[in-house]
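See below for final14.cif, which holds mmCIF, C-alpha atoms and all ligand atoms.
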```cif
data_data
#
loop_
_atom_site.label_atom_id
_atom_site.label_comp_id
_atom_site.auth_asym_id
_atom_site.auth_seq_id
_atom_site.Cartn_x
_atom_site.Cartn_y
_atom_site.Cartn_z
CA MET P 171 12.66 0.56 -23.83
CA ALA P 172 9.26 0.96 -22.14
CA ASN P 173 6.92 -1.98 -22.57
CA LEU P 174 3.21 -1.53 -21.90
CA THR P 175 1.95 -4.24 -24.22
CA GLY P 176 -1.75 -4.91 -23.72
CA LYS P 177 -2.14 -2.41 -20.86
CA LYS P 178 -5.34 -0.39 -20.84
CA ILE P 179 -4.74 3.16 -19.70
CA LEU P 180 -7.20 5.91 -18.88
CA LEU P 181 -5.53 9.26 -19.42
CA GLY P 182 -7.16 12.23 -17.68
CA VAL P 183 -6.22 15.66 -19.04
CA THR P 184 -7.14 18.72 -16.96
CA GLY P 185 -6.87 22.45 -17.73
CA SER P 186 -3.20 23.35 -17.65
CA ILE P 187 -0.88 24.71 -20.32
CA ALA P 188 0.99 21.41 -19.87
CA ALA P 189 -2.01 19.72 -21.56
CA TYR P 190 -0.11 20.08 -24.84
CA LYS P 191 2.24 17.36 -23.53
CA ALA P 192 -0.74 14.97 -23.46
CA ALA P 193 -0.41 14.55 -27.23
CA PHE P 194 3.18 13.30 -26.86
CA LEU P 195 2.13 11.17 -23.91
CA VAL P 196 -0.66 9.44 -25.88
CA ARG P 197 1.74 8.80 -28.76
CA LEU P 198 4.40 7.28 -26.46
CA LEU P 199 1.86 5.14 -24.59
CA ILE P 200 0.53 3.72 -27.85
CA LYS P 201 4.06 3.18 -29.16
CA ALA P 202 4.82 1.20 -25.97
CA GLY P 203 1.86 -1.10 -26.75
CA ALA P 204 -0.89 0.38 -24.53
CA GLU P 205 -4.54 1.08 -25.37
CA VAL P 206 -5.44 4.62 -24.32
CA GLN P 207 -8.81 6.13 -23.46
CA VAL P 208 -8.59 9.89 -22.99
CA LEU P 209 -10.85 11.79 -20.59
CA MET P 210 -10.76 15.58 -20.44
CA THR P 211 -12.22 18.30 -18.32
CA LYS P 212 -13.79 21.20 -20.19
CA ALA P 213 -10.81 23.34 -19.16
CA GLY P 214 -8.47 20.67 -20.56
CA GLY P 215 -10.27 21.01 -23.89
CA SER P 216 -9.42 24.73 -23.97
CA PHE P 217 -5.70 23.89 -24.01
CA ILE P 218 -5.64 20.97 -26.46
CA SER P 219 -8.32 19.88 -28.86
CA PRO P 220 -10.14 16.59 -28.12
CA LEU P 221 -9.84 15.91 -31.86
CA THR P 222 -6.04 15.81 -31.60
CA LEU P 223 -6.15 13.32 -28.74
CA SER P 224 -8.89 11.16 -30.26
CA THR P 225 -6.92 10.99 -33.52
CA LEU P 226 -3.78 9.90 -31.68
CA SER P 227 -5.57 7.46 -29.35
CA LYS P 228 -7.95 6.19 -32.07
CA ARG P 229 -10.85 6.46 -29.62
CA PRO P 230 -13.42 9.17 -28.95
CA VAL P 231 -12.35 11.46 -26.11
CA HIS P 232 -14.85 11.79 -23.23
CA THR P 233 -15.21 15.34 -22.00
CA ASP P 234 -18.26 14.93 -19.81
CA ILE P 235 -20.12 12.29 -17.86
CA SER P 236 -22.96 12.58 -20.36
CA SER P 237 -23.69 14.25 -23.67
CA GLU P 238 -27.00 14.88 -25.42
CA GLU P 239 -26.71 11.52 -27.14
CA SER P 240 -25.12 9.26 -24.54
CA TRP P 241 -23.95 8.66 -21.00
CA ASN P 242 -20.28 7.83 -20.49
CA ASN P 243 -20.19 5.04 -17.99
CA HIS P 244 -17.44 6.17 -15.64
CA VAL P 245 -17.86 3.05 -13.50
CA GLU P 246 -17.24 0.80 -16.52
CA MET P 247 -14.24 2.87 -17.59
CA GLY P 248 -12.83 2.62 -14.08
CA LEU P 249 -13.15 -1.17 -14.23
CA TRP P 250 -11.77 -1.43 -17.79
CA ALA P 251 -8.46 0.22 -17.02
CA ASP P 252 -5.22 -1.37 -15.79
CA ALA P 253 -4.10 2.11 -14.71
CA MET P 254 -5.42 5.65 -14.63
CA VAL P 255 -2.97 8.47 -15.29
CA ILE P 256 -3.98 12.08 -14.74
CA ALA P 257 -1.51 14.30 -16.54
CA PRO P 258 -1.52 17.22 -16.26
CA LEU P 259 -3.36 17.55 -12.96
CA THR P 260 -4.18 21.13 -11.91
CA ALA P 261 -4.33 22.35 -8.31
CA SER P 262 -8.12 22.55 -8.59
CA SER P 263 -8.61 19.01 -9.92
CA LEU P 264 -6.10 17.75 -7.35
CA ALA P 265 -8.19 19.31 -4.58
CA LYS P 266 -11.37 17.76 -5.97
CA MET P 267 -9.81 14.30 -6.08
CA ALA P 268 -8.45 14.69 -2.55
CA CYS P 269 -11.92 15.63 -1.28
CA GLY P 270 -13.95 13.16 -3.35
CA ILE P 271 -15.82 15.79 -5.37
CA SER P 272 -17.03 14.20 -8.60
CA ASP P 273 -18.35 17.05 -10.73
CA ASN P 274 -16.50 16.15 -13.93
CA VAL P 275 -15.74 13.00 -15.91
CA ILE P 276 -12.17 12.63 -14.58
CA ALA P 277 -13.06 13.07 -10.91
CA ALA P 278 -16.06 10.72 -11.22
CA THR P 279 -14.00 8.04 -12.99
CA TYR P 280 -11.20 8.44 -10.45
CA LEU P 281 -13.62 7.70 -7.61
CA SER P 282 -14.83 4.54 -9.39
CA ALA P 283 -11.41 3.27 -10.51
CA ARG P 284 -10.12 0.12 -8.85
CA CYS P 285 -6.83 0.20 -10.76
CA PRO P 286 -3.63 1.96 -9.68
CA VAL P 287 -3.85 5.72 -10.18
CA PHE P 288 -0.89 7.93 -11.13
CA PHE P 289 -1.07 11.70 -11.00
CA ALA P 290 1.27 14.26 -12.54
CA PRO P 291 0.63 17.71 -11.06
CA ALA P 292 1.31 20.81 -13.14
CA MET P 293 1.06 24.32 -11.72
CA ASP P 294 2.95 27.44 -10.86
CA LEU P 295 5.56 27.21 -8.11
CA ASP P 296 3.62 29.18 -5.46
CA MET P 297 0.50 27.10 -6.08
CA TRP P 298 2.61 23.94 -5.83
CA GLN P 299 4.24 25.03 -2.57
CA HIS P 300 0.99 26.18 -0.94
CA PRO P 301 0.26 24.09 2.19
CA ALA P 302 -3.23 23.29 0.85
CA THR P 303 -1.76 21.77 -2.33
CA GLN P 304 0.88 19.87 -0.41
CA GLU P 305 -1.76 18.55 1.98
CA ASN P 306 -3.89 17.43 -0.98
CA VAL P 307 -0.91 15.63 -2.54
CA ARG P 308 -0.27 13.84 0.77
CA ARG P 309 -3.93 12.90 0.98
CA LEU P 310 -3.96 11.43 -2.51
CA GLN P 311 -0.82 9.45 -1.70
CA SER P 312 -2.34 8.24 1.54
CA TYR P 313 -5.20 6.75 -0.54
CA GLY P 314 -2.59 4.66 -2.37
CA ASN P 315 -2.25 6.84 -5.48
CA HIS P 316 1.17 7.30 -7.09
CA LEU P 317 2.66 10.78 -7.39
CA ILE P 318 4.61 11.42 -10.58
CA PRO P 319 6.98 14.05 -9.19
CA VAL P 320 6.91 17.56 -10.67
CA GLY P 321 9.95 18.87 -12.48
CA HIS P 322 12.00 22.02 -11.89
CA GLY P 323 12.38 24.66 -14.59
CA GLU P 324 10.76 27.60 -16.30
CA LEU P 325 7.01 27.80 -15.72
CA ALA P 326 4.25 29.33 -17.83
CA SER P 327 4.31 32.42 -15.57
CA GLY P 328 7.95 33.03 -16.43
CA LEU P 329 9.00 32.12 -12.88
CA VAL P 330 11.55 29.38 -12.39
CA GLY P 331 10.99 26.64 -9.83
CA GLU P 332 9.11 23.43 -9.09
CA GLY P 333 5.71 22.72 -10.60
CA ARG P 334 6.35 21.58 -14.19
CA MET P 335 4.55 18.45 -15.24
CA ALA P 336 6.90 15.48 -15.63
CA GLU P 337 7.97 14.81 -19.21
CA PRO P 338 5.92 12.21 -21.12
CA GLU P 339 9.02 9.96 -21.41
CA GLU P 340 9.36 9.94 -17.59
CA ILE P 341 5.68 9.09 -17.15
CA VAL P 342 5.84 6.18 -19.59
CA ALA P 343 9.06 4.91 -17.97
CA MET P 344 7.44 5.07 -14.52
CA LEU P 345 4.44 3.03 -15.70
CA SER P 346 6.70 0.50 -17.35
CA ARG P 347 8.78 0.12 -14.15
CA PHE P 348 5.56 -0.27 -12.14
CA TRP P 349 4.53 -3.33 -14.15
CA GLU P 350 8.03 -4.75 -14.35
CA LYS P 351 7.93 -4.84 -10.56
CA GLU P 352 4.80 -6.95 -10.80
CA GLN P 353 6.68 -10.15 -11.40
CA SER P 354 9.74 -9.32 -9.34
CA LEU P 355 8.85 -12.00 -6.74
CA ALA P 356 7.85 -14.72 -9.23
CA GLY P 357 8.92 -18.14 -8.00
CA LYS P 358 9.41 -16.88 -4.42
CA LYS P 359 7.51 -18.17 -1.40
CA VAL P 360 6.43 -15.49 1.05
CA MET P 361 4.98 -16.20 4.49
CA ILE P 362 3.15 -13.46 6.39
CA THR P 363 1.56 -13.42 9.83
CA ALA P 364 -1.24 -10.91 10.33
CA GLY P 365 -4.05 -9.83 12.61
CA PRO P 366 -4.53 -10.38 16.32
CA THR P 367 -4.61 -13.58 18.30
CA TYR P 368 -7.44 -14.47 20.68
CA GLU P 369 -6.50 -16.37 23.81
CA PRO P 370 -9.65 -17.96 25.25
CA ILE P 371 -10.58 -17.41 28.90
CA ASP P 372 -13.82 -19.36 28.69
CA PRO P 373 -16.24 -20.19 25.84
CA VAL P 374 -17.33 -16.52 25.53
CA ARG P 375 -14.31 -14.41 26.51
CA PHE P 376 -10.76 -13.98 25.30
CA ILE P 377 -7.61 -11.87 25.64
CA GLY P 378 -7.08 -10.09 22.33
CA ASN P 379 -5.97 -6.80 20.82
CA ARG P 380 -7.08 -4.17 18.32
CA SER P 381 -5.29 -5.47 15.22
CA SER P 382 -7.61 -5.63 12.21
CA GLY P 383 -5.29 -7.58 9.91
CA LYS P 384 -5.24 -4.70 7.36
CA MET P 385 -1.44 -4.24 7.34
CA GLY P 386 -0.65 -7.93 6.89
CA ILE P 387 -3.39 -8.45 4.29
CA ALA P 388 -2.06 -5.48 2.29
CA LEU P 389 1.40 -7.08 2.41
CA ALA P 390 0.04 -10.44 1.27
CA ASP P 391 -1.86 -8.90 -1.66
CA ALA P 392 1.15 -6.79 -2.67
CA ALA P 393 3.52 -9.78 -2.59
CA ALA P 394 1.04 -11.84 -4.65
CA ARG P 395 0.77 -9.04 -7.22
CA ARG P 396 4.56 -9.21 -7.57
CA GLY P 397 4.23 -12.89 -8.48
CA ALA P 398 5.00 -14.56 -5.13
CA GLU P 399 3.24 -17.61 -3.74
CA VAL P 400 1.93 -16.28 -0.44
CA SER P 401 0.91 -18.07 2.77
CA LEU P 402 -1.00 -15.68 5.00
CA ILE P 403 -1.35 -16.91 8.57
CA LEU P 404 -4.23 -14.77 9.70
CA GLY P 405 -5.58 -14.36 13.21
CA PRO P 406 -9.29 -13.58 13.74
CA SER P 407 -10.14 -10.82 11.25
CA ARG P 408 -13.26 -9.75 9.39
CA LEU P 409 -11.12 -9.01 6.33
CA SER P 410 -9.60 -11.27 3.74
CA PRO P 411 -7.05 -10.88 0.93
CA GLN P 412 -8.21 -10.00 -2.57
CA GLU P 413 -5.51 -11.76 -4.58
CA LYS P 414 -6.19 -15.36 -5.56
CA ARG P 415 -2.53 -16.29 -5.19
CA VAL P 416 -2.72 -15.76 -1.42
CA GLN P 417 -3.37 -18.92 0.56
CA SER P 418 -5.03 -17.92 3.83
CA ILE P 419 -4.44 -20.07 6.89
CA PRO P 420 -6.91 -18.97 9.59
CA VAL P 421 -5.79 -19.30 13.21
CA GLN P 422 -7.15 -18.11 16.55
CA THR P 423 -4.47 -18.38 19.20
CA ALA P 424 -0.73 -17.65 19.45
CA ASP P 425 -0.13 -21.39 19.74
CA GLU P 426 -2.02 -22.08 16.50
CA MET P 427 -0.17 -19.24 14.77
CA TYR P 428 3.13 -20.67 15.99
CA GLN P 429 2.34 -24.17 14.63
CA ALA P 430 1.19 -22.82 11.24
CA ALA P 431 4.18 -20.46 11.01
CA ARG P 432 6.76 -23.17 11.76
CA LYS P 433 5.24 -25.30 8.99
CA ALA P 434 5.12 -22.57 6.33
CA PHE P 435 8.56 -21.31 7.36
CA GLN P 436 10.26 -24.49 6.11
CA ASP P 437 10.21 -23.51 2.45
CA ALA P 438 9.62 -19.74 2.72
CA ASP P 439 12.11 -17.37 1.09
CA ILE P 440 10.73 -14.23 2.71
CA VAL P 441 8.93 -14.07 6.06
CA ILE P 442 7.11 -10.98 7.32
CA LEU P 443 5.69 -11.00 10.84
CA SER P 444 3.07 -8.27 11.09
CA ALA P 445 0.74 -10.04 13.52
CA ALA P 446 0.03 -8.61 16.94
CA VAL P 447 0.53 -11.81 18.91
CA ALA P 448 -0.60 -12.03 22.54
CA ASP P 449 2.44 -12.40 24.79
CA TYR P 450 0.45 -14.17 27.51
CA ARG P 451 -2.55 -16.48 27.63
CA PRO P 452 -4.64 -17.82 30.53
CA ARG P 453 -3.03 -20.96 31.99
CA GLU P 454 -6.46 -22.65 32.04
CA THR P 455 -9.42 -22.15 29.72
CA ALA P 456 -12.69 -22.68 31.59
CA THR P 457 -14.96 -25.15 29.82
CA GLN P 458 -18.08 -23.24 30.97
CA LYS P 459 -18.77 -19.50 31.13
CA ILE P 460 -17.15 -18.07 34.28
CA LYS P 461 -19.86 -16.79 36.64
CA LYS P 462 -19.70 -13.43 38.37
CA THR P 463 -19.01 -14.27 42.03
CA GLY P 464 -16.54 -12.22 44.12
CA ASP P 465 -15.45 -8.56 43.71
CA THR P 466 -12.20 -9.64 42.11
CA LEU P 467 -11.18 -12.45 39.85
CA GLN P 468 -7.66 -13.80 39.63
CA MET P 469 -6.33 -15.42 36.54
CA GLU P 470 -2.89 -16.87 35.99
CA LEU P 471 -1.28 -16.06 32.66
CA VAL P 472 1.54 -17.96 31.00
CA LYS P 473 3.83 -16.90 28.17
CA THR P 474 2.85 -17.74 24.60
CA PRO P 475 5.53 -18.89 22.15
CA ASP P 476 7.53 -16.04 20.65
CA ILE P 477 7.09 -16.96 17.00
CA ALA P 478 9.55 -14.34 15.76
CA ALA P 479 12.32 -15.39 18.14
CA ALA P 480 11.84 -19.08 17.27
CA LEU P 481 11.99 -18.40 13.52
CA GLY P 482 14.97 -16.08 14.04
CA ARG P 483 16.85 -18.98 15.64
CA GLU P 484 15.94 -21.39 12.83
CA LYS P 485 16.59 -18.99 9.94
CA ARG P 486 18.70 -20.48 7.13
CA THR P 487 21.05 -18.65 4.79
CA GLY P 488 18.98 -17.11 2.02
CA GLN P 489 15.84 -16.75 4.16
CA LEU P 490 14.92 -13.18 4.96
CA LEU P 491 13.05 -12.38 8.17
CA VAL P 492 11.19 -9.09 8.61
CA GLY P 493 9.59 -8.18 11.93
CA PHE P 494 7.35 -5.36 13.08
CA ALA P 495 7.60 -3.29 16.23
CA LEU P 496 4.56 -1.52 17.59
CA GLU P 497 5.79 1.00 20.11
CA THR P 498 4.42 3.76 22.32
CA GLU P 499 7.72 5.20 23.65
CA ASN P 500 11.51 4.99 23.02
CA GLU P 501 10.51 3.79 19.60
CA LEU P 502 13.85 3.58 17.80
CA ALA P 503 15.72 2.03 20.72
CA ASN P 504 13.01 -0.59 21.31
CA ALA P 505 12.80 -1.47 17.61
CA GLN P 506 16.61 -1.74 17.39
CA SER P 507 16.65 -4.09 20.37
CA LYS P 508 13.92 -6.32 18.82
CA LEU P 509 15.81 -6.38 15.52
CA GLU P 510 18.86 -7.80 17.30
CA LYS P 511 17.15 -10.08 19.83
CA LYS P 512 14.86 -11.74 17.26
CA ASN P 513 17.53 -11.96 14.53
CA PHE P 514 15.44 -9.98 12.02
CA ASP P 515 17.02 -8.72 8.79
CA LEU P 516 14.70 -5.70 8.83
CA ILE P 517 12.25 -4.32 11.34
CA VAL P 518 9.27 -2.11 10.53
CA LEU P 519 8.56 0.34 13.31
CA ASN P 520 5.14 1.92 13.73
CA SER P 521 4.29 4.09 16.70
CA LEU P 522 0.95 4.75 18.35
CA GLN P 523 2.26 8.30 18.92
CA ASP P 524 1.78 9.02 15.20
CA ALA P 525 -1.74 10.03 14.17
CA GLY P 526 -3.15 7.60 11.61
CA ALA P 527 -0.60 4.87 12.36
CA GLY P 528 -1.01 1.41 13.86
CA PHE P 529 -4.11 -0.61 14.67
CA ASN P 530 -7.12 -0.58 12.40
CA TYR P 531 -6.35 2.63 10.46
CA ASP P 532 -6.32 2.42 6.66
CA THR P 533 -3.02 4.30 6.84
CA ASN P 534 0.30 3.73 8.55
CA LYS P 535 3.51 5.64 9.14
CA ILE P 536 6.61 3.50 9.31
CA THR P 537 10.35 3.61 9.83
CA ILE P 538 12.41 0.68 8.56
CA LEU P 539 15.58 -0.28 10.41
CA GLY P 540 18.22 -2.60 8.99
CA LYS P 541 21.06 -4.55 10.56
CA ASP P 542 23.54 -2.09 9.06
CA ASN P 543 22.07 0.76 11.21
CA LYS P 544 20.34 2.09 8.11
CA ILE P 545 17.13 3.92 9.04
CA ARG P 546 14.49 4.89 6.47
CA LYS P 547 11.53 7.05 7.50
CA PHE P 548 8.35 7.12 5.42
CA GLU P 549 5.39 9.51 5.27
CA LEU P 550 1.89 8.57 6.40
CA LYS P 551 0.45 6.48 3.52
CA SER P 552 -2.28 3.97 2.84
CA LYS P 553 -1.43 0.49 4.15
CA GLN P 554 -1.32 -0.64 0.49
CA ALA P 555 1.38 1.93 -0.30
CA VAL P 556 3.22 1.06 2.93
CA ALA P 557 3.19 -2.61 1.88
CA GLU P 558 4.84 -1.65 -1.43
CA ASP P 559 7.53 0.34 0.41
CA ILE P 560 8.26 -2.63 2.68
CA LEU P 561 8.51 -5.02 -0.27
CA ASP P 562 10.79 -2.57 -2.12
CA GLU P 563 13.13 -2.60 0.90
CA VAL P 564 12.98 -6.39 1.11
CA GLU P 565 13.81 -6.71 -2.58
CA ALA P 566 16.62 -4.19 -2.33
CA LEU P 567 18.11 -6.24 0.52
CA ARG P 568 17.74 -9.50 -1.43
CA GLY P 569 19.32 -7.86 -4.44
CA GLY P 570 22.20 -6.74 -2.23
CA GLY P 571 22.71 -10.35 -1.09
CA ASP P 572 22.72 -9.36 2.59
CA SER P 573 20.27 -11.97 3.85
O1 LIG B 1 -3.67 -5.26 11.75
P1 LIG B 1 -3.71 -3.74 11.68
O2 LIG B 1 -4.95 -3.18 12.36
O3 LIG B 1 -3.53 -3.24 10.28
O4 LIG B 1 -2.49 -3.19 12.54
C1 LIG B 1 -1.20 -3.40 12.11
C2 LIG B 1 -0.24 -3.60 13.31
C3 LIG B 1 -0.22 -2.34 14.16
C4 LIG B 1 -0.69 -4.80 14.16
C5 LIG B 1 1.19 -3.90 12.68
O5 LIG B 1 1.58 -2.80 11.90
C6 LIG B 1 2.22 -4.17 13.76
O6 LIG B 1 2.84 -3.28 14.31
N1 LIG B 1 2.42 -5.49 14.11
C7 LIG B 1 3.30 -5.93 15.19
C8 LIG B 1 2.60 -5.75 16.50
C9 LIG B 1 3.36 -6.26 17.68
O7 LIG B 1 2.83 -7.06 18.39
O8 LIG B 1 4.61 -5.87 17.79
P2 LIG B 1 5.60 -6.33 18.98
O9 LIG B 1 6.55 -5.19 19.07
O10 LIG B 1 4.88 -6.70 20.20
O11 LIG B 1 6.30 -7.63 18.41
C10 LIG B 1 7.56 -7.63 17.71
C11 LIG B 1 7.55 -8.66 16.60
O12 LIG B 1 7.50 -9.98 17.16
C12 LIG B 1 6.40 -8.57 15.65
O13 LIG B 1 6.88 -8.86 14.35
C13 LIG B 1 5.43 -9.64 16.12
O14 LIG B 1 4.65 -10.17 15.04
C14 LIG B 1 6.40 -10.69 16.65
N2 LIG B 1 5.88 -11.52 17.73
C15 LIG B 1 5.56 -10.98 18.94
C16 LIG B 1 5.13 -11.79 19.97
C17 LIG B 1 5.02 -13.18 19.74
N3 LIG B 1 4.60 -14.00 20.71
N4 LIG B 1 5.33 -13.69 18.54
C18 LIG B 1 5.76 -12.89 17.54
O15 LIG B 1 6.05 -13.36 16.41
#
```

What do you get writing this file as C-alpha cells?
Amino acid sequence: MANLTGKKILLGVTGSIAAYKAAFLVRLLIKAGAEVQVLMTKAGGSFISPLTLSTLSKRPVHTDISSEESWNNHVEMGLWADAMVIAPLTASSLAKMACGISDNVIAATYLSARCPVFFAPAMDLDMWQHPATQENVRRLQSYGNHLIPVGHGELASGLVGEGRMAEPEEIVAMLSRFWEKEQSLAGKKVMITAGPTYEPIDPVRFIGNRSSGKMGIALADAAARRGAEVSLILGPSRLSPQEKRVQSIPVQTADEMYQAARKAFQDADIVILSAAVADYRPRETATQKIKKTGDTLQMELVKTPDIAAALGREKRTGQLLVGFALETENELANAQSKLEKKNFDLIVLNSLQDAGAGFNYDTNKITILGKDNKIRKFELKSKQAVAEDILDEVEALRGGGDS
C-alpha cells in the first residue's frame, strides 16, 4: 500500500487526452496521504476542467503564472514541494522543459523547483519515437529528473504502440518507492573519497588533476538522503555537500587522504573511492618558491600510498568496497584488472572517450563491473542520478549478501 503521508506534491497537467487520468491520480495521491497542488497549462484545461481537479485536491488550480487578481509565485511553489510530478507531459511541454523555456506556469515552476521531478510522457507512438523527443527525454534525465516510463497499448489515434501515460497507480507506487528508498541506509556508515589531491612542489605550485569533486559530493549527498552517516574525505574543491548529515573532512595531499581514509574506514560499512588521487608526489617540497634558472628543471617523484589497495587488504567481512576507474583506452580490461588487484566488490568505470563523462562535467556515463563478471552499462546522466544508480547497485549487492 502506497504511503505518501505528509508529502507535498506539485502535479503539472499538460494538454493531452491522458489528462483525464489526472483526476484519478489526484485522488490516489490524496488517499496515500499527500497534499496536492495542481498546475495546468491552458491546453491541459481543455481536456479536464480545473474545477474537477481543484475539487479533488481541495486547492485552487493554477493555470497561469498570473491572473488579473494575483500572481502565482512559481518560485515559492517550487520550494514548497517535496516532489513535482508532470503527468501527462506532452511532446511540446517536454521540449520546453528540456530547453528551459518558461512560458507557462508548469515550465516556470519546473525551472524553479529544487525537489525531485518526475515526468510521465503521453503522446502518439511516432511522436514518442521521434529522435527529437527521445533526445529531450535523455536531456531531462541528464538533469536528474525521473522518467515514469510510458506504457504500451492502444493510443488516442487508434494506433497501438508505446506512448501511453503510465497508470495513476504506477505513478503513486513509484513515488512511494522513491521515498521508501530514502531511509534504506539508515544506521549505516558510509565513507567516500572525492576530488583531486594536490602534491606541493613549492609554496605556490603543485601536481594536481582536473577533478572537481562533483561525483563524490553527489554520492555523499545521495547516501545521506538515504539515511546514512557519511564521512566525505574531500580533496581541494570549491564545492561542498548540501546534506547536513555529511561530515566533510578536507584534505590536500594523497598522504592526508590516506590517513583520513584509514581512520574513517575502521567503522565504515560502505566505502566508495571516487577521488582522483595523485600516484606520485615530489620527493622534496621546496620551502621557498623555485626560481627560474636553467632551461630544464628535474624533479624526482615518489609513489603516493595507494589508498584503495591498502583498504582492499584490510577489508573485513561485511564491509563493501567500491572503486572507480577513470580510463582512456582498454576501458573494460583495465577496470576489471583494478577490481581484482584492489579487492573491490564493485568498480565504477568512466571513460574520457565518452562525451560528457569524467572530470568536472555535471554529467557522467558509467559502467559498473562486479566480481561475478556482471557488467551494467548506464546512459549519460546527471552526476546526482549516477550517484543513485551506484547506491542502488551497492544496496542490491548488500541485500544479496555478497560482500
Ligand atoms: O570530481 P569530478 O570532476 O566529478 O570527476 C569525477 C572523477 C572522474 C574523478 C571520478 O568519476 C573518477 O573516475 N574517480 C577515479 C579517478 C581515478 O583516479 O581513477 P584510477 O583509475 O586512477 O584509480 C582507481 C581507484 O583507485 C579509484 O577508486 C581511486 O580513487 C583509487 N586510488 C587511486 C590511486 C591512489 N593512490 N589511491 C586510490 O585510492

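Interatomic distance, CA of Gly383 (chain P) to CA of Val441 (chain P): 16.1 Å.
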
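Relative to CA of Ser346 (chain P), CA of Leu174 (chain P) is found at 6.1 Å.
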
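Remark: for ligand LIG 1 (chain B), the closest of the candidate residues P:Ile517, P:Leu491, P:Ala445, P:Leu389 is P:Ala445 (distances computed over all atoms listed in the file).
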
For the interface of chain P with ligand LIG 1 (chain B) (cut-off 7 Å, counting only C-alpha atoms and all ligand atoms), please tabulate each contacting residue of chain P alongside its nearest pair of atoms and their separation in Å to one decimal, rows sorted by chain and increasing number, as CSV.
```
residue,atom,partner,partner_atom,distance
P:Thr363,CA,B:LIG1,O14,6.9
P:Ala364,CA,B:LIG1,O1,6.3
P:Gly365,CA,B:LIG1,O1,4.7
P:Pro366,CA,B:LIG1,O1,6.9
P:Arg380,CA,B:LIG1,O2,6.4
P:Ser381,CA,B:LIG1,O2,3.7
P:Ser382,CA,B:LIG1,O2,3.6
P:Gly383,CA,B:LIG1,O1,3.4
P:Lys384,CA,B:LIG1,O3,3.7
P:Met385,CA,B:LIG1,O3,3.7
P:Gly386,CA,B:LIG1,O1,6.3
P:Ala424,CA,B:LIG1,N3,6.6
P:Leu443,CA,B:LIG1,O13,4.3
P:Ser444,CA,B:LIG1,N1,4.2
P:Ala445,CA,B:LIG1,O14,4.2
P:Ala446,CA,B:LIG1,O7,3.5
P:Val447,CA,B:LIG1,C16,4.7
P:Ala448,CA,B:LIG1,N3,5.9
P:Asp449,CA,B:LIG1,N3,4.9
P:Thr474,CA,B:LIG1,N3,5.7
P:Pro475,CA,B:LIG1,N3,5.2
P:Asp476,CA,B:LIG1,N3,3.6
P:Ile477,CA,B:LIG1,O15,3.8
P:Ala478,CA,B:LIG1,O15,3.7
P:Ala479,CA,B:LIG1,O15,6.8
P:Gly493,CA,B:LIG1,O13,3.7
P:Phe494,CA,B:LIG1,O13,3.8
P:Ala495,CA,B:LIG1,O9,3.6
P:Leu496,CA,B:LIG1,O6,4.1
P:Glu497,CA,B:LIG1,O9,6.3
P:Lys508,CA,B:LIG1,C10,6.6
P:Leu519,CA,B:LIG1,O6,6.8
P:Asn520,CA,B:LIG1,O6,5.7
P:Gly528,CA,B:LIG1,C3,3.8
P:Phe529,CA,B:LIG1,O2,3.6
P:Asn530,CA,B:LIG1,O2,3.4
P:Tyr531,CA,B:LIG1,O2,6.3
```

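Between CA of Asn315 (chain P) and CA of Lys212 (chain P) the interatomic distance comes to 23.6 Å.
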
Fewer than 5 positions away in the same chain doesn't count, so skip those; otherwise give me all residues within 7 Å of Pro291 (chain P), counting all atoms listed in the file, as a PyMOL selection string. chain P and resi 257-260+320+335

Please build the interface table for region 274-365 of chain P against region 219-239 of chain P with a cut-off of 10 Å, listing for each qualifying residue the nearest atom pair and the distance in Å to one decimal; count only C-alpha atoms, order rows by chain and increasing number, and write it as a Markdown table.
```
| residue | atom | partner | partner_atom | distance |
| --- | --- | --- | --- | --- |
| P:Asn274 | CA | P:Asp234 | CA | 6.3 |
| P:Val275 | CA | P:Ile235 | CA | 4.8 |
| P:Ile276 | CA | P:Asp234 | CA | 8.4 |
| P:Ala277 | CA | P:Ile235 | CA | 9.9 |
| P:Ala278 | CA | P:Ile235 | CA | 7.9 |
| P:Thr279 | CA | P:Ile235 | CA | 8.9 |
```

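Comparing P:Gln353, P:Gln554, P:Asn500, P:Thr463 by their smallest distance to Ile387 (chain P), the closest is P:Gln554 (using only C-alpha atoms).
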
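Look at Asp372 (chain P): the protein and nucleic acid residues within 12 Å of it, using all atoms listed in the file and passing over chain neighbours fewer than 4 places away, are Tyr368, Phe376, Ile377, Arg451, Pro452, Arg453, Glu454, Thr455, Ala456, Thr457, Gln458, Lys459, Ile460, Lys461 and Met469 of chain P.
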
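Comparing P:Val564, P:Glu399, P:Ala188, P:Ala202 by their smallest distance to Ser216 (chain P), the closest is P:Ala188 (using only C-alpha atoms).
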
Using only C-alpha atoms, collect all residues at a distance of at most 12 Å from (5.7, 4.6, -2.8) as written in the file, then present them as a count of residues only. 31

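Counting only C-alpha atoms, the residue from P:Ile536, P:Val245, P:Leu180, P:Ile256 that sits nearest to Gly214 (chain P) is P:Ile256.
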